[in-house]
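One file, upload10.cif, carrying mmCIF, C-alpha atoms:
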```cif
data_coords
loop_
_atom_site.group_PDB
_atom_site.id
_atom_site.type_symbol
_atom_site.label_atom_id
_atom_site.label_comp_id
_atom_site.auth_asym_id
_atom_site.auth_seq_id
_atom_site.Cartn_x
_atom_site.Cartn_y
_atom_site.Cartn_z
ATOM 1 C CA MET A 1 12.788 5.150 -2.270
ATOM 2 C CA ASP A 2 9.541 3.976 -3.862
ATOM 3 C CA VAL A 3 7.052 2.425 -1.419
ATOM 4 C CA HIS A 4 4.229 1.884 -3.933
ATOM 5 C CA HIS A 5 5.339 -0.621 -6.561
ATOM 6 C CA HIS A 6 3.002 -3.434 -7.631
ATOM 7 C CA TYR A 7 4.705 -6.784 -8.189
ATOM 8 C CA THR A 8 3.073 -9.721 -9.906
ATOM 9 C CA ALA A 9 5.824 -12.334 -9.980
ATOM 10 C CA PRO A 10 6.279 -14.030 -13.365
ATOM 11 C CA GLU A 11 6.839 -17.222 -11.340
ATOM 12 C CA TRP A 12 3.385 -16.805 -9.829
ATOM 13 C CA VAL A 13 1.757 -16.262 -13.241
ATOM 14 C CA ARG A 14 3.340 -19.469 -14.536
ATOM 15 C CA TRP A 15 2.190 -21.358 -11.427
ATOM 16 C CA ALA A 16 -1.347 -19.957 -11.739
ATOM 17 C CA GLU A 17 -1.582 -20.937 -15.397
ATOM 18 C CA LYS A 18 -0.235 -24.442 -14.733
ATOM 19 C CA ASN A 19 -2.868 -24.959 -12.037
ATOM 20 C CA GLY A 20 -5.744 -23.498 -14.023
ATOM 21 C CA ILE A 21 -6.193 -20.565 -11.629
ATOM 22 C CA ALA A 22 -5.474 -17.720 -14.027
ATOM 23 C CA ASP A 23 -4.836 -17.105 -17.706
ATOM 24 C CA ARG A 24 -2.188 -14.478 -18.363
ATOM 25 C CA ASP A 25 -4.073 -13.172 -21.402
ATOM 26 C CA SER A 26 -7.105 -12.420 -19.224
ATOM 27 C CA LEU A 27 -5.128 -10.785 -16.413
ATOM 28 C CA PRO A 28 -4.846 -6.967 -16.300
ATOM 29 C CA PRO A 29 -1.920 -5.580 -18.338
ATOM 30 C CA TRP A 30 -0.166 -4.360 -15.179
ATOM 31 C CA THR A 31 0.335 -7.962 -14.044
ATOM 32 C CA ARG A 32 2.923 -8.469 -16.798
ATOM 33 C CA TRP A 33 5.711 -7.340 -14.479
ATOM 34 C CA ASP A 34 9.169 -7.374 -16.058
ATOM 35 C CA GLU A 35 12.446 -7.190 -14.155
ATOM 36 C CA THR A 36 14.367 -5.319 -16.853
ATOM 37 C CA ALA A 37 11.567 -2.796 -17.339
ATOM 38 C CA ALA A 38 11.321 -2.236 -13.586
ATOM 39 C CA LEU A 39 15.038 -1.535 -13.209
ATOM 40 C CA ASP A 40 14.965 0.740 -16.251
ATOM 41 C CA LEU A 41 12.104 2.769 -14.783
ATOM 42 C CA MET A 42 13.933 3.024 -11.462
ATOM 43 C CA ASP A 43 17.113 4.224 -13.163
ATOM 44 C CA ARG A 44 15.215 6.800 -15.220
ATOM 45 C CA THR A 45 13.471 8.236 -12.153
ATOM 46 C CA GLY A 46 16.507 8.069 -9.856
ATOM 47 C CA THR A 47 14.912 5.432 -7.631
ATOM 48 C CA ARG A 48 17.420 3.422 -5.623
ATOM 49 C CA THR A 49 14.982 0.990 -3.994
ATOM 50 C CA SER A 50 11.442 -0.122 -4.766
ATOM 51 C CA VAL A 51 9.411 -1.779 -2.014
ATOM 52 C CA LEU A 52 7.128 -4.280 -3.707
ATOM 53 C CA THR A 53 3.523 -5.040 -2.876
ATOM 54 C CA VAL A 54 3.128 -8.697 -3.784
ATOM 55 C CA ALA A 55 0.049 -9.204 -5.961
ATOM 56 C CA MET A 56 -1.877 -12.438 -6.500
ATOM 57 C CA LEU A 57 -5.059 -12.468 -8.558
ATOM 58 C CA GLY A 58 -7.447 -15.386 -8.606
ATOM 59 C CA ARG A 59 -10.252 -16.919 -6.619
ATOM 60 C CA PHE A 60 -9.297 -19.850 -4.437
ATOM 61 C CA LYS A 61 -11.801 -22.350 -3.051
ATOM 62 C CA GLU A 62 -9.257 -24.337 -1.060
ATOM 63 C CA ALA A 63 -7.053 -23.032 1.736
ATOM 64 C CA ALA A 64 -4.129 -25.167 0.567
ATOM 65 C CA ALA A 65 -4.169 -23.558 -2.887
ATOM 66 C CA ARG A 66 -4.329 -20.077 -1.407
ATOM 67 C CA LYS A 67 -1.351 -20.800 0.843
ATOM 68 C CA GLU A 68 0.637 -22.269 -2.042
ATOM 69 C CA SER A 69 -0.202 -19.200 -4.127
ATOM 70 C CA THR A 70 1.144 -16.980 -1.362
ATOM 71 C CA ARG A 71 4.281 -19.094 -0.968
ATOM 72 C CA VAL A 72 5.083 -18.997 -4.695
ATOM 73 C CA ALA A 73 4.651 -15.224 -4.844
ATOM 74 C CA LEU A 74 6.614 -14.545 -1.661
ATOM 75 C CA ASP A 75 9.486 -16.846 -2.571
ATOM 76 C CA ALA A 76 9.769 -15.057 -5.904
ATOM 77 C CA ALA A 77 9.837 -11.662 -4.169
ATOM 78 C CA GLY A 78 12.473 -12.877 -1.729
ATOM 79 C CA ALA A 79 14.639 -14.247 -4.542
ATOM 80 C CA LEU A 80 14.325 -10.960 -6.460
ATOM 81 C CA ALA A 81 15.343 -8.921 -3.407
ATOM 82 C CA THR A 82 18.354 -11.194 -2.910
ATOM 83 C CA ARG A 83 19.300 -11.089 -6.578
ATOM 84 C CA HIS A 84 19.199 -7.290 -6.644
ATOM 85 C CA SER A 85 20.242 -6.423 -3.102
ATOM 86 C CA GLY A 86 19.475 -2.806 -2.326
ATOM 87 C CA ARG A 87 17.240 -2.320 -5.368
ATOM 88 C CA PHE A 88 14.182 -4.290 -4.256
ATOM 89 C CA ALA A 89 12.493 -4.984 -0.929
ATOM 90 C CA PHE A 90 8.954 -6.196 -0.312
ATOM 91 C CA PHE A 91 5.917 -6.243 1.933
ATOM 92 C CA THR A 92 4.384 -9.594 2.859
ATOM 93 C CA PRO A 93 0.576 -9.739 2.561
ATOM 94 C CA VAL A 94 -1.991 -10.156 5.296
ATOM 95 C CA PHE A 95 -5.547 -11.154 4.406
ATOM 96 C CA LEU A 96 -8.510 -9.544 6.128
ATOM 97 C CA ASP A 97 -10.598 -12.674 5.596
ATOM 98 C CA ASP A 98 -7.993 -15.290 6.561
ATOM 99 C CA PRO A 99 -6.211 -14.893 9.918
ATOM 100 C CA GLU A 100 -4.442 -18.258 9.713
ATOM 101 C CA LEU A 101 -2.940 -17.538 6.297
ATOM 102 C CA SER A 102 -2.023 -14.045 7.480
ATOM 103 C CA ARG A 103 -0.020 -15.434 10.389
ATOM 104 C CA TRP A 104 1.796 -17.842 8.110
ATOM 105 C CA SER A 105 2.511 -15.108 5.558
ATOM 106 C CA VAL A 106 3.910 -12.781 8.224
ATOM 107 C CA SER A 107 6.144 -15.518 9.628
ATOM 108 C CA HIS A 108 7.348 -16.788 6.256
ATOM 109 C CA GLY A 109 7.678 -13.363 4.673
ATOM 110 C CA MET A 110 9.276 -11.455 7.529
ATOM 111 C CA ASP A 111 11.162 -14.125 9.478
ATOM 112 C CA GLN A 112 12.314 -16.353 6.624
ATOM 113 C CA LEU A 113 12.552 -14.035 3.617
ATOM 114 C CA GLY A 114 13.249 -10.624 5.141
ATOM 115 C CA ALA A 115 10.128 -8.642 4.227
ATOM 116 C CA VAL A 116 10.354 -5.089 5.579
ATOM 117 C CA GLY A 117 6.671 -4.876 6.516
ATOM 118 C CA VAL A 118 3.242 -6.112 5.510
ATOM 119 C CA SER A 119 0.607 -5.120 2.986
ATOM 120 C CA ALA A 120 -3.152 -5.219 3.434
ATOM 121 C CA ARG A 121 -6.198 -4.291 1.429
ATOM 122 C CA THR A 122 -8.152 -1.371 2.792
ATOM 123 C CA SER A 123 -11.227 -3.589 2.656
ATOM 124 C CA THR A 124 -12.350 -7.069 1.723
ATOM 125 C CA GLY A 125 -16.078 -7.403 1.154
ATOM 126 C CA ASP A 126 -17.751 -5.618 4.058
ATOM 127 C CA THR A 127 -14.679 -5.786 6.317
ATOM 128 C CA PHE A 128 -12.499 -2.683 6.559
ATOM 129 C CA LEU A 129 -9.184 -2.240 8.271
ATOM 130 C CA GLY A 130 -10.019 -1.205 11.812
ATOM 131 C CA ASP A 131 -12.751 -3.812 12.226
ATOM 132 C CA PRO A 132 -12.415 -5.165 15.795
ATOM 133 C CA ALA A 133 -12.539 -8.706 14.375
ATOM 134 C CA LEU A 134 -9.039 -8.045 13.023
ATOM 135 C CA ASP A 135 -7.611 -7.252 16.465
ATOM 136 C CA PRO A 136 -5.840 -10.619 16.898
ATOM 137 C CA ILE A 137 -3.679 -10.173 13.795
ATOM 138 C CA MET A 138 -3.222 -6.475 14.581
ATOM 139 C CA ALA A 139 -1.959 -7.450 18.037
ATOM 140 C CA GLU A 140 0.613 -9.793 16.531
ATOM 141 C CA LEU A 141 1.757 -7.105 14.113
ATOM 142 C CA ASP A 142 1.887 -4.568 16.938
ATOM 143 C CA GLU A 143 4.342 -6.825 18.754
ATOM 144 C CA ARG A 144 6.556 -6.557 15.689
ATOM 145 C CA ALA A 145 6.056 -2.771 15.423
ATOM 146 C CA ALA A 146 5.069 -3.536 11.838
ATOM 147 C CA VAL A 147 4.671 -1.078 8.981
ATOM 148 C CA ILE A 148 1.429 -1.829 7.120
ATOM 149 C CA SER A 149 1.143 -0.640 3.533
ATOM 150 C CA THR A 150 -2.509 -0.405 2.514
ATOM 151 C CA HIS A 151 -4.242 -0.410 -0.855
ATOM 152 C CA PRO A 152 -7.790 -0.773 -2.202
ATOM 153 C CA MET A 153 -8.463 -3.537 -4.693
ATOM 154 C CA GLN A 154 -11.964 -4.922 -5.327
ATOM 155 C CA VAL A 155 -14.176 -2.143 -4.012
ATOM 156 C CA ASN A 156 -17.930 -1.613 -4.072
ATOM 157 C CA THR A 157 -18.763 0.660 -7.001
ATOM 158 C CA SER A 158 -22.547 0.305 -6.876
ATOM 159 C CA GLY A 159 -24.192 3.568 -7.803
ATOM 160 C CA ALA A 160 -21.094 4.901 -9.546
ATOM 161 C CA PRO A 161 -21.567 6.547 -12.956
ATOM 162 C CA ARG A 162 -20.883 4.291 -15.907
ATOM 163 C CA GLY A 163 -17.506 4.690 -17.511
ATOM 164 C CA VAL A 164 -15.649 5.755 -14.345
ATOM 165 C CA PRO A 165 -12.996 3.140 -13.475
ATOM 166 C CA PRO A 166 -12.833 2.370 -9.741
ATOM 167 C CA PHE A 167 -9.268 3.667 -9.430
ATOM 168 C CA VAL A 168 -10.368 7.185 -10.392
ATOM 169 C CA CYS A 169 -12.422 7.932 -7.275
ATOM 170 C CA ASP A 170 -13.781 4.756 -5.607
ATOM 171 C CA PHE A 171 -10.292 3.641 -4.568
ATOM 172 C CA LEU A 172 -9.803 6.982 -2.837
ATOM 173 C CA MET A 173 -13.098 6.608 -0.979
ATOM 174 C CA ASP A 174 -12.208 3.070 0.125
ATOM 175 C CA THR A 175 -8.904 4.312 1.544
ATOM 176 C CA THR A 176 -10.673 7.157 3.334
ATOM 177 C CA ARG A 177 -13.217 4.777 4.864
ATOM 178 C CA ALA A 178 -10.451 2.433 6.036
ATOM 179 C CA ALA A 179 -8.564 5.306 7.655
ATOM 180 C CA LEU A 180 -11.730 6.480 9.429
ATOM 181 C CA SER A 181 -12.406 2.921 10.572
ATOM 182 C CA LEU A 182 -8.909 2.714 12.079
ATOM 183 C CA ILE A 183 -9.561 5.999 13.902
ATOM 184 C CA MET A 184 -13.158 5.373 15.012
ATOM 185 C CA ASN A 185 -12.606 1.817 16.234
ATOM 186 C CA GLY A 186 -9.566 2.758 18.276
ATOM 187 C CA THR A 187 -7.081 0.604 16.361
ATOM 188 C CA LEU A 188 -4.499 3.386 16.397
ATOM 189 C CA ASP A 189 -4.897 3.718 20.173
ATOM 190 C CA ARG A 190 -4.904 0.008 21.046
ATOM 191 C CA PHE A 191 -1.926 -0.796 18.836
ATOM 192 C CA PRO A 192 0.341 2.255 19.030
ATOM 193 C CA ARG A 193 3.377 0.509 17.529
ATOM 194 C CA LEU A 194 1.648 -0.061 14.191
ATOM 195 C CA THR A 195 2.299 2.336 11.329
ATOM 196 C CA PHE A 196 -0.067 2.532 8.365
ATOM 197 C CA ILE A 197 0.829 3.870 4.922
ATOM 198 C CA LEU A 198 -2.188 5.266 3.052
ATOM 199 C CA PRO A 199 -1.904 5.210 -0.749
ATOM 200 C CA HIS A 200 -2.815 7.913 -3.241
ATOM 201 C CA GLY A 201 -2.176 10.785 -0.850
ATOM 202 C CA GLY A 202 -4.533 9.329 1.754
ATOM 203 C CA GLY A 203 -7.562 9.369 -0.509
ATOM 204 C CA TYR A 204 -9.893 12.146 0.667
ATOM 205 C CA LEU A 205 -8.746 12.066 4.292
ATOM 206 C CA PRO A 206 -6.487 15.168 4.279
ATOM 207 C CA TYR A 207 -9.075 17.151 2.352
ATOM 208 C CA ILE A 208 -11.908 16.382 4.810
ATOM 209 C CA ALA A 209 -9.855 16.701 8.008
ATOM 210 C CA SER A 210 -11.714 19.813 9.138
ATOM 211 C CA ARG A 211 -15.025 18.159 8.334
ATOM 212 C CA ILE A 212 -14.106 15.237 10.600
ATOM 213 C CA GLU A 213 -13.277 17.716 13.373
ATOM 214 C CA VAL A 214 -16.649 19.405 12.997
ATOM 215 C CA PHE A 215 -18.707 16.203 12.798
ATOM 216 C CA GLY A 216 -16.496 13.800 14.755
ATOM 217 C CA ARG A 217 -18.977 13.416 17.620
ATOM 218 C CA GLN A 218 -21.643 12.295 15.153
ATOM 219 C CA LEU A 219 -19.590 9.329 13.997
ATOM 220 C CA VAL A 220 -20.307 5.924 15.538
ATOM 221 C CA PRO A 221 -18.144 5.344 17.502
ATOM 222 C CA ALA A 222 -17.601 9.060 18.054
ATOM 223 C CA VAL A 223 -14.231 10.711 17.485
ATOM 224 C CA ASP A 224 -12.947 13.453 19.770
ATOM 225 C CA PRO A 225 -12.549 16.467 17.445
ATOM 226 C CA GLY A 226 -9.506 17.574 19.389
ATOM 227 C CA ARG A 227 -7.651 14.392 18.472
ATOM 228 C CA VAL A 228 -8.282 14.393 14.719
ATOM 229 C CA ARG A 229 -5.016 16.144 13.868
ATOM 230 C CA ASP A 230 -3.106 13.722 16.081
ATOM 231 C CA TYR A 231 -4.665 10.810 14.256
ATOM 232 C CA LEU A 232 -3.779 12.281 10.881
ATOM 233 C CA HIS A 233 -0.150 12.363 11.992
ATOM 234 C CA ARG A 234 -0.270 8.655 12.825
ATOM 235 C CA PHE A 235 -0.474 7.796 9.131
ATOM 236 C CA TYR A 236 2.061 8.029 6.346
ATOM 237 C CA TYR A 237 0.849 9.047 2.883
ATOM 238 C CA ASP A 238 2.362 8.195 -0.486
ATOM 239 C CA THR A 239 2.570 10.547 -3.449
ATOM 240 C CA ALA A 240 0.736 8.318 -5.940
ATOM 241 C CA ALA A 241 -2.312 10.578 -5.905
ATOM 242 C CA PRO A 242 -0.630 12.049 -7.939
ATOM 243 C CA MET A 243 0.482 15.150 -6.091
ATOM 244 C CA SER A 244 -0.076 18.485 -7.781
ATOM 245 C CA PRO A 245 0.056 22.223 -7.023
ATOM 246 C CA SER A 246 -3.584 21.991 -5.922
ATOM 247 C CA ALA A 247 -3.282 18.805 -3.844
ATOM 248 C CA THR A 248 0.162 19.123 -2.256
ATOM 249 C CA PRO A 249 -0.603 22.109 0.002
ATOM 250 C CA THR A 250 -3.592 20.249 1.510
ATOM 251 C CA LEU A 251 -1.531 17.143 2.251
ATOM 252 C CA LEU A 252 1.290 19.238 3.706
ATOM 253 C CA ALA A 253 -1.146 21.126 5.924
ATOM 254 C CA ALA A 254 -2.737 17.901 7.173
ATOM 255 C CA ALA A 255 0.350 15.732 7.619
ATOM 256 C CA GLY A 256 3.555 17.701 7.139
ATOM 257 C CA SER A 257 6.440 16.728 4.888
ATOM 258 C CA SER A 258 7.777 14.230 7.442
ATOM 259 C CA ARG A 259 4.804 11.876 6.823
ATOM 260 C CA ILE A 260 4.881 11.725 3.012
ATOM 261 C CA LEU A 261 6.595 8.984 1.002
ATOM 262 C CA TYR A 262 7.359 8.711 -2.693
ATOM 263 C CA GLY A 263 5.172 6.186 -4.534
ATOM 264 C CA SER A 264 5.250 5.513 -8.268
ATOM 265 C CA ASP A 265 2.204 3.189 -8.450
ATOM 266 C CA TRP A 266 3.962 1.338 -11.268
ATOM 267 C CA PRO A 267 3.052 -0.581 -13.386
ATOM 268 C CA PRO A 268 -0.706 0.206 -13.104
ATOM 269 C CA THR A 269 0.488 3.770 -13.692
ATOM 270 C CA PRO A 270 2.295 3.346 -17.022
ATOM 271 C CA THR A 271 6.007 4.025 -17.454
ATOM 272 C CA ARG A 272 5.432 7.084 -19.635
ATOM 273 C CA VAL A 273 3.165 8.670 -17.042
ATOM 274 C CA VAL A 274 5.639 7.999 -14.217
ATOM 275 C CA THR A 275 8.692 9.270 -16.107
ATOM 276 C CA GLU A 276 7.117 12.176 -18.002
ATOM 277 C CA MET A 277 4.327 13.377 -15.723
ATOM 278 C CA THR A 278 4.066 12.336 -12.071
ATOM 279 C CA THR A 279 7.745 12.223 -11.099
ATOM 280 C CA PRO A 280 8.667 15.510 -12.858
ATOM 281 C CA ALA A 281 5.563 17.103 -11.321
ATOM 282 C CA LEU A 282 6.734 16.084 -7.855
ATOM 283 C CA ASP A 283 10.278 17.295 -8.565
ATOM 284 C CA GLY A 284 8.945 20.663 -9.702
ATOM 285 C CA ASP A 285 6.076 21.075 -7.254
ATOM 286 C CA PRO A 286 6.129 24.745 -6.148
ATOM 287 C CA ALA A 287 4.847 23.848 -2.668
ATOM 288 C CA LEU A 288 8.014 21.864 -1.935
ATOM 289 C CA GLY A 289 11.527 23.039 -1.220
ATOM 290 C CA ASP A 290 14.686 20.980 -1.386
ATOM 291 C CA ARG A 291 14.378 20.001 2.279
ATOM 292 C CA GLU A 292 10.800 18.743 1.851
ATOM 293 C CA ARG A 293 11.722 16.835 -1.314
ATOM 294 C CA GLY A 294 14.576 15.177 0.533
ATOM 295 C CA HIS A 295 12.167 13.992 3.203
ATOM 296 C CA ILE A 296 9.638 12.690 0.671
ATOM 297 C CA ASN A 297 12.021 11.090 -1.789
ATOM 298 C CA ARG A 298 14.298 9.347 0.682
ATOM 299 C CA GLY A 299 14.585 10.479 4.288
ATOM 300 C CA ASN A 300 11.129 9.508 5.509
ATOM 301 C CA ALA A 301 11.346 6.020 4.010
ATOM 302 C CA LEU A 302 14.726 5.381 5.610
ATOM 303 C CA ARG A 303 13.418 6.499 8.990
ATOM 304 C CA LEU A 304 10.283 4.371 8.677
ATOM 305 C CA LEU A 305 11.997 1.335 7.120
ATOM 306 C CA PRO A 306 15.616 1.375 8.336
ATOM 307 C CA ALA A 307 16.294 -1.958 6.626
ATOM 308 C CA LEU A 308 16.358 0.005 3.356
ATOM 309 C CA ALA A 309 19.481 1.919 4.399
ATOM 310 C CA PRO A 310 22.567 1.078 2.296
ATOM 311 C CA ALA A 311 24.876 -1.425 3.962
#
```

For this file, produce the structure as structure tokens.
Amino acid sequence: MDVHHHYTAPEWVRWAEKNGIADRDSLPPWTRWDETAALDLMDRTGTRTSVLTVAMLGRFKEAAARKESTRVALDAAGALATRHSGRFAFFTPVFLDDPELSRWSVSHGMDQLGAVGVSARTSTGDTFLGDPALDPIMAELDERAAVISTHPMQVNTSGAPRGVPPFVCDFLMDTTRAALSLIMNGTLDRFPRLTFILPHGGGYLPYIASRIEVFGRQLVPAVDPGRVRDYLHRFYYDTAAPMSPSATPTLLAAAGSSRILYGSDWPPTPTRVVTEMTTPALDGDPALGDRERGHINRGNALRLLPALAPA
């Protein structure tokens, strides 16, 4: 069960080109999503189901165009999940800067098309997940006991060394900051039915857990050091770090095998890397036994997202 699969619908690309919003030749290579290639990758890695994060790239000046963009992408994801029942599911997006569109997306995606949860960026501009301004949409999602898959996208890289792509380390920092914001601002306490999936092994969060315990009272708002480990167990973490003999023990110590989910990060992570490097590395990770691998590869996802269970 793969919970980290980026999906740029070919239908959306055609719509964006027709409306002068995007040019496929100028879009990143990973937006050239292909159904046959996706199924082939899944078969080669033994993946039964991929849960898609619906991607839409482009800057929209008008609310109507942004809503239509979301509708085109979601309808394509819903049709794909219906066409390949059991192989694909999807998260419907929420937008940190657009509560009205978020509500529509949640209703259309979950109620009409059967999305299994929602996706959200870790930050948009200066707004991070956990910002109290997002409480209204968080409250609505809490009523649904929603699973929220998170991911960084356009992050602030000012001051970063030249030649270091943002996905190498800045994405991990953005995820860490979002997780701390959710903890510090009490989002996890006010909305206890929400479940957040952190990508890329949780960024730096597991690694700095002890540091948060030591300096928690110096954060603003302060964090009770005695609750840090509880908060860490409120998150799920996917394996698209990628996991390794040096990283896995830290994540296991911070979260336990019951909070880790398999994530391929395809297609931004190329097919060759997924099939020849990251997936075999996870299968052969010396820190994991068969029981832990069963949790990570399948069991945890089925417990978190029961709609993925075979009929």

Practice item. Enter the distance from atom CA of A:Val168 to atom CA of A:Ala241, in Å, rounded to one decimal. Key: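 Separation of atom CA of A:Val168 and atom CA of A:Ala241: 9.8 Å.
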
Point to revise | Within 10 Å of file point (-8.3, 7.1, 0.2), counting all atoms listed in the file, expressed as a list in words | key: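 Those residues, ordered by chain and then number, are Thr122, Thr150, His151, Pro152, Cys169, Asp170, Phe171, Leu172, Met173, Asp174, Thr175, Thr176, Arg177, Ala178, Ala179, Leu180, Leu198, Pro199, His200, Gly201, Gly202, Gly203, Tyr204, Leu205, Pro206, Tyr237 and Ala241 of chain A.
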
Review point. Do you have the atom CA of A:Leu52-atom CA of A:Ser69 distance handy?
Key: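 Taking atom CA of A:Leu52 and atom CA of A:Ser69, their separation equals 16.6 Å.
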
**Study point:** Pick from A:Ala64, A:Ala287, A:Thr269, A:Met277 nearest to A:Leu252, counting all atoms listed in the file
**Key:**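 Nearest candidate to A:Leu252 out of A:Ala64, A:Ala287, A:Thr269, A:Met277: A:Ala287.
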
Exercise for review: Please write the residues picked by the PyMOL selection byres ((chain A and resi 86) around 12) on this file as a list in words.
Suggested key: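 So the PyMOL selection byres ((chain A and resi 86) around 12), applied here, picks out Met1, Leu39, Thr47, Arg48, Thr49, Ser50, Val51, Leu80, Ala81, Thr82, Arg83, His84, Ser85, Arg87, Phe88, Ala89, Phe90, Ala307, Leu308, Ala309, Pro310 and Ala311 of chain A.
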
Exercise for review: Kindly give the distance, in Å, that separates atom CA of A:Phe91 and atom CA of A:Gly263, rounded to a single decimal.
Suggested key: 14.0 Å

Practice item. Compile the contact shell of A:Gly109 as number ranges by chain: residues with an atom at most 10 Å away, counting all atoms listed in the file, same-chain residues fewer than 5 positions apart removed. Key: A: 70-71, 74-75, 77-78, 90-93, 103-104, 114-118

Review point. In terms of the shortest atom-to-atom distance over all atoms listed in the file, which of A:Asp135, A:Tyr262, A:Thr271, A:Ala281 is closest to A:Ser244?
Key: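 Among the listed residues, A:Ala281 lies closest to A:Ser244.
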
Check your understanding: Nearest to A:Val220: which of A:Thr275, A:Ser149, A:Ser26, A:Asn185 is it, counting only C-alpha atoms?
Key ->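 Selected residue with least distance to A:Val220: A:Asn185.
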
Point to revise | Residues near A:His295, cut-off 10 Å, all atoms listed in the file, skip fewer than 3 positions along chain, as a list in words | key: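 Contacts, in chain order: Ser257, Ser258, Arg259, Ile260, Leu261, Tyr262, Asp290, Arg291, Glu292, Arg298, Gly299, Asn300, Ala301, Leu302 and Arg303 of chain A.
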
What does the file look like for those residues with C-alpha atoms, as a CSV table (one decimal), keeping the file's coordinate frame?
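The file below, again02.csv, is the result:
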```csv
chain,number,residue,atom,x,y,z
A,257,SER,CA,6.4,16.7,4.9
A,258,SER,CA,7.8,14.2,7.4
A,259,ARG,CA,4.8,11.9,6.8
A,260,ILE,CA,4.9,11.7,3.0
A,261,LEU,CA,6.6,9.0,1.0
A,262,TYR,CA,7.4,8.7,-2.7
A,290,ASP,CA,14.7,21.0,-1.4
A,291,ARG,CA,14.4,20.0,2.3
A,292,GLU,CA,10.8,18.7,1.9
A,298,ARG,CA,14.3,9.3,0.7
A,299,GLY,CA,14.6,10.5,4.3
A,300,ASN,CA,11.1,9.5,5.5
A,301,ALA,CA,11.3,6.0,4.0
A,302,LEU,CA,14.7,5.4,5.6
A,303,ARG,CA,13.4,6.5,9.0
```

Exercise for review: Please evaluate the PyMOL selection byres ((chain A and resi 186) around 12) against the structure above and give the resulting residues as a list of chain:residue names.
Suggested key: A:Leu129, A:Gly130, A:Asp131, A:Pro132, A:Asp135, A:Met138, A:Ala179, A:Leu180, A:Ser181, A:Leu182, A:Ile183, A:Met184, A:Asn185, A:Thr187, A:Leu188, A:Asp189, A:Arg190, A:Phe191, A:Pro192, A:Val220, A:Pro221, A:Ala222, A:Val223, A:Asp224, A:Arg227, A:Tyr231
